[in-house]
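First up is the structure itself, then whatever we jot down about it.
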Amino acid sequence: MNPFVGGTERELAGAVANWAKGLTERIPAAEKQGAMPPDVIADLGRLGVLGMTIPEADGGLGASTVAFALVLEELSAAWPSLAVGVAVNSGIVASSIVRYATPDQRARWLPKLADGMGLGAFALTEPTSGSDAASLRTTARPDGDGWRIDGRKQFITNARYAPFAIVLARIGEFDPKRTSAGITAFVVPLDAPGVSIGPSERKLGLRASDTSALILEGARVDRDAVLGDTGKGFTIAMAGLDGGRIGIAAQSVGIARASLAIAKTYAKERKQFGRPIADFEGLRFSIAKAESDIAAARLLALRAAWLRDRGRPFTREAAMAKLYASEMAQRATHAAVQILGGNGYMRDYAVERYARDGRATTIYEGTSEIQRVVIARSLLAA
Amino acid sequence: MKILIPLKQVPDSTVRVKVAPDGKAIVTEGITWSISPYDEYAIEMALERKDADASTVVAVVTVGPARSRDALRQALAMGCDEASLVTADAAAPLAVARALAKVVEETKPDLVLCGKQASDDDQGFVGPALAEILGWPHVATITKVVPVEGGVELWREVEGGHEVWKAPLPGLATVHKSEKEPRYPSLPGIMKAKKKEIPERALAAMGVDASGPTWTILSMEPPPARGGGKILKDGDTKQIAEQLATALRDEAKVL
C-alpha cells in the first residue's frame with residue numbers, strides 16, 4: 001500500500017503493465033537494431049498512454065502526475081528505451097505546451113503528442129552547454145514575420161521520431177552577467193526549412209530510444225512558434241525539468257525493480273554447494289537491501305508527484321527523488337548482475353541491459369551533481 | 001446490429017491453482033479473476049464488427065457472484081457499450097442458461113456470441129443450452145462472423161480449411177477464436193467504463209426455474225508431480241537410438 005496512490009491510478013498503471021508484458025519478445029531485436037518499432041508507439045497512442053498527461057479539455061486523459069509516474073515505472077520495468085521516449089513526450093514536452101501555450105498552439109500541437117505517429121522532443125542541451133544550460137548559443141533573430149533560428153542541439157531524445165521539438169534559443173546577445181536573459185522557447189516542426197537531424201548517437205544503453213543532434217541552419221519558423229513569452233524560455237525549461245525529474249525517478253524505480261525481479265527468480269532456482277543460492281546470507285542481504293532501496297525511491301518519486309498534483313512546490317522533492325532513485329538504480333542493477341554472476345554479464349539475461357540502461361538515469365534531466373545543487377540551494381537559501 | 005455476449009469471470013490463466021483443504025474446491029482467496037479467454041475472443045469479434053460499423057451495439061452480461069462486476073467493467077473498458085449483472089453465488093448451468101434467455105428476451109440482441117466454453121470448468125454447456133431455450137439457430141466454435149443479406153456468415157475452422165454457415169438472425173454462435181487477439185483496454189476506455197452504470201439483479205428474483213441436472217464435486221486433486229526423466233548415454237548413437245525406440249514403445253507406450 002502507498003499513501004500517495006489511489007485506486008484509479010493503480011488501475012491505469014496495471015492496464016499498461018498488462019499491455020507491456022507482450023513486448024518482451026520484441027526487445028532484443030529492437031535494441032540490436034537501435035530503433036523503436038513504429039507500431040509500438042502507435043499502440044501507445046491507441047491505448048491513450050501518450051495523451052494521458054494532456055487535460056481532458058484538450059482531448060487527453062487528464063491523468064494525475066502520480067498515475068503518470070506509475071505508468072512510467074511499469075513501462076521502464078518492461079522496456080526502459082520505450083519509457084524514456086514516453087517520459088519526454090508526455091512529460092516535459094506535453095506539460096510545457098499545456099502550461100505555456102496559447103489555445104491555438106495547444107490545438108495544433110497537443111494532438112501530435114497523443115496520436116502515436118511520433119514522440120515529441122525537447123531541445124535544450126548543446127555541445128558546449130549541458131549542466132550550464134543557460135550558456136546555450138543557439139540564436140533566434142526576427143526574420144520577416146517570423147524567426148530564424150541557428151545553432152546545434154545535442155543528445156536530443158526522440159529527435160528521429162518527433163513531429164516537432166521545443167527548442168531553446170537566445171534572442172539578443174549573450175550577457176555573462178545574466179546568462180539566462182533572452183532565452184526563448186520555440187515550437188519547431190521538424191519539417192521546417194533549415195532543420196535537419198544528425199546521426200543517431202551510439203549509446204551504452206537505451207539503444208532502441210533515439211538520441212540525435214538537431215541542426216538548425218537558418219531554420220525558419222512563424223511568429224506564433226514562440227512558446228510563452230520571449231525571454232522566458234529558461235523558466236519554461238527549468239519548470240519542465242522539475243516535472244521531468246519525477247519521471248526519471250519513476251523510470252529508475254522500474255528499471256531497478258525489473259532487474260531485481262530477475263535476480264530473485266534466479267537466486268531461488270540456481271543451485272551451488274547443493275542448495276539454491278538464495279539460501280546464502282550474502283545474497284539474501286543484497287536482495288533485502290535493494291528491495292528496501294527501491295521502495296524508498298518509489299515513495300520519494302510518488303511524494304513529489306503527489307505534491308505536483310496538488311499545486312504545491314515540489315522542485316526540491318523532485319530533485320531528491322531523482323537523485324536518490326537514479327543512484328539507487330545503479331546499486332540495484334549492479335547487485336542483480338552480481339547475483340547472476342557470469343550469467344548476469346551475458347546478454348541472455350536482461351540484467352546486463354537493465355544495468356546499461358539504468359546508467360543514464362544519474363545523467364539526463366540534470367546530473368546527480370546538479371540535483372544536489374538544486375536541493376542545497378532550496379535548503380540553504382538566505 | 002446488437003450483439004450480446006454472456007461472459008464468465010474465471011481465475012486468471014496466470015493463477016497457480018491450489019486445492020482447498022476440503023478437497024472439493026480451489027482456493028479463491030487472493031487470486032486474480034479475469035474474463036474467460038474464449039469470452040474475450042467473443043468480445044473482440046463483436047468489437048471488430050463495431051469497428052467496421054459504428055452503429056453496432058455490443059452488450060455483455062454475466063451470471064455470477066458480485067465480484068463478476070469487475071469482469072463486466074473490464075469488458076466495458078475494452079469498448080463494449082452496455083453491461084448488466086445477474087448475481088448468483090452458485091447456479092446450476094441450466095438455470096444460468098434460463099436466466100440468460102430472459103435477458104435475451106428483454107434486451108433483444110440480433111446475435112448472441114458465447115465463448116465456446118469457460119476456462120474453469122470447461123463444460124461448454126451454456127451457449128448451446130441458451131440457443132435451445134430460445135429456439136434459435138446455433139453454430140458452434142466459430143472463428144469469424146460476416147454480416148450478409150438476410151443474416152450472417154459464420155466461419156468454422158475444420159481440418160484443412162473452413163466451413164462457412166449462413167444463419168438467419170436472431171441467432172447464436174459460440175466462439176473458438178477471433179481474427180485478432182483480444183484488444184487491451186485503453187486508458188480512456190477504463191475511465192469511461194468507470195462512469196457507466198451496471199444494473200444488477202439477483203437470479204433468485206428473476207422467477208427462473210432453477211431445477212435441472214447439475215453436478216457435485218466429490219473430490220479434487222492436483223495432477224501427480226512429474227517423475228524424473230531418463231537419460232540414455234551408454235553406447236554409440238545407433239545403440240542409443242535403439243534404446244530410445246524401445247523405451248518409447250515398451251515403457252512410454254507411445255509408439
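Naming works like this for the C-alpha cells: A, B, ... for the chains as they're shown, residue 1 at the start of each chain, ligands 1 onward in shown order.
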request  = Determine which residues of chain B sit within 7 Å of chain A, taking into account only C-alpha atoms, and present them as a PyMOL selection string.
outcome  = chain B and resi 184+186-188
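Residues in contact with segment 230-241 of chain B at up to 12 Å, not including ones fewer than 6 positions away on its chain and judged by only C-alpha atoms, are Ala247, Leu248, Glu251 and Ala252 of chain B.
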task = Within segment 158-297 of chain A, find each residue whose DSSP state, derived from the backbone, is strand (DSSP E), and express the selection as a PyMOL selection string.
result = chain A and resi 164-170+183-189+195-200+211-222+226-227+271-272+275-276
What's around segment 7-13 of chain B at 6 Å? Count only C-alpha atoms, leave out sequence neighbours fewer than 6 positions away in its own chain, and write the answer as a compact mmCIF listing (two decimals) with N, CA and C atoms, in the first residue's frame.
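In the end it all went to result13.txt:
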```txt
# COMPACT_ATOMS: atom_id res chain seq x y z
N THR B 32 -6.33 -13.67 -8.80
CA THR B 32 -6.76 -12.69 -9.80
C THR B 32 -7.84 -13.32 -10.67
N TRP B 33 -8.90 -12.54 -10.91
CA TRP B 33 -10.00 -13.04 -11.75
C TRP B 33 -9.99 -12.31 -13.09
N SER B 34 -10.38 -13.00 -14.13
CA SER B 34 -10.41 -12.41 -15.46
C SER B 34 -11.64 -12.88 -16.22
N ILE B 35 -11.84 -12.26 -17.37
CA ILE B 35 -12.86 -12.76 -18.29
C ILE B 35 -12.32 -14.05 -18.90
N SER B 36 -13.13 -15.07 -18.98
CA SER B 36 -12.70 -16.33 -19.58
C SER B 36 -12.18 -16.06 -21.00
N ASP B 39 -14.45 -16.06 -23.99
CA ASP B 39 -15.39 -14.93 -23.95
C ASP B 39 -14.70 -13.66 -24.44
N THR B 62 -23.41 -11.15 -17.31
CA THR B 62 -22.88 -12.34 -16.66
C THR B 62 -23.80 -12.76 -15.53
N SER B 68 -18.05 -10.58 -10.05
CA SER B 68 -18.10 -10.64 -11.51
C SER B 68 -18.25 -9.26 -12.14
N ALA B 71 -15.32 -8.10 -14.09
CA ALA B 71 -15.18 -8.64 -15.45
C ALA B 71 -16.02 -7.82 -16.43
N ASP B 120 -12.74 -22.39 -16.69
CA ASP B 120 -12.62 -23.00 -15.36
C ASP B 120 -13.14 -24.44 -15.35
```
query = atom CA of Arg160 of chain A and atom CA of Ala35 of chain A, how far apart in Å?
reply = 9.6 Å
inquiry  = Could you list, as a PyMOL selection string, every residue within 9 Å of segment 287-291 of chain A, counting only C-alpha atoms and ignoring same-chain residues fewer than 5 positions away?
reply    = chain A and resi 256-257+260+263-264+282+296+328-329+331-333+335-336+339
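Here atom CA of Lys144 of chain B and atom CA of Val175 of chain B stand 8.3 Å from one another.
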key: Surrounding residues of Glu44 of chain B excluding itself and chain neighbours under 6 positions, 7 Å, only C-alpha atoms, as a list in words   = Ser178, Pro182 and Arg183 of chain B
Only N, CA and C atoms, please: the residues just picked out, written as a PDB file, in the first residue's frame.
```pdb
ATOM      1  N   SER B 178     -10.979 -15.253 -32.211  1.00  0.00           N
ATOM      2  CA  SER B 178     -11.246 -14.106 -33.080  1.00  0.00           C
ATOM      3  C   SER B 178     -10.082 -13.962 -34.055  1.00  0.00           C
ATOM      4  N   PRO B 182      -7.549 -10.477 -28.551  1.00  0.00           N
ATOM      5  CA  PRO B 182      -8.402  -9.510 -27.856  1.00  0.00           C
ATOM      6  C   PRO B 182      -7.629  -8.236 -27.530  1.00  0.00           C
ATOM      7  N   ARG B 183      -8.268  -7.093 -27.737  1.00  0.00           N
ATOM      8  CA  ARG B 183      -7.587  -5.813 -27.537  1.00  0.00           C
ATOM      9  C   ARG B 183      -7.386  -5.518 -26.049  1.00  0.00           C
TER      10      ARG B 183
END
```
inquiry  = Which residues are near Arg298 of chain A? Cut-off 7 Å, only C-alpha atoms, ignore same chain within fewer than 3 positions. Put them as an MDAnalysis selection string.
reply    = chainID A and resid 250 253 294:295 301:302
Could you write out that same residue set with C-alpha atoms as a PDB file, in the first residue's frame?
```pdb
ATOM      1  CA  ALA A 250       9.917   6.603 -11.634  1.00  0.00           C
ATOM      2  CA  VAL A 253      12.415   2.547  -9.879  1.00  0.00           C
ATOM      3  CA  ILE A 294      13.501   0.520  -4.373  1.00  0.00           C
ATOM      4  CA  ALA A 295      10.578   1.033  -2.005  1.00  0.00           C
ATOM      5  CA  ALA A 301       9.011   9.809  -6.530  1.00  0.00           C
ATOM      6  CA  LEU A 302       5.328   9.493  -5.676  1.00  0.00           C
TER       7      LEU A 302
END
```
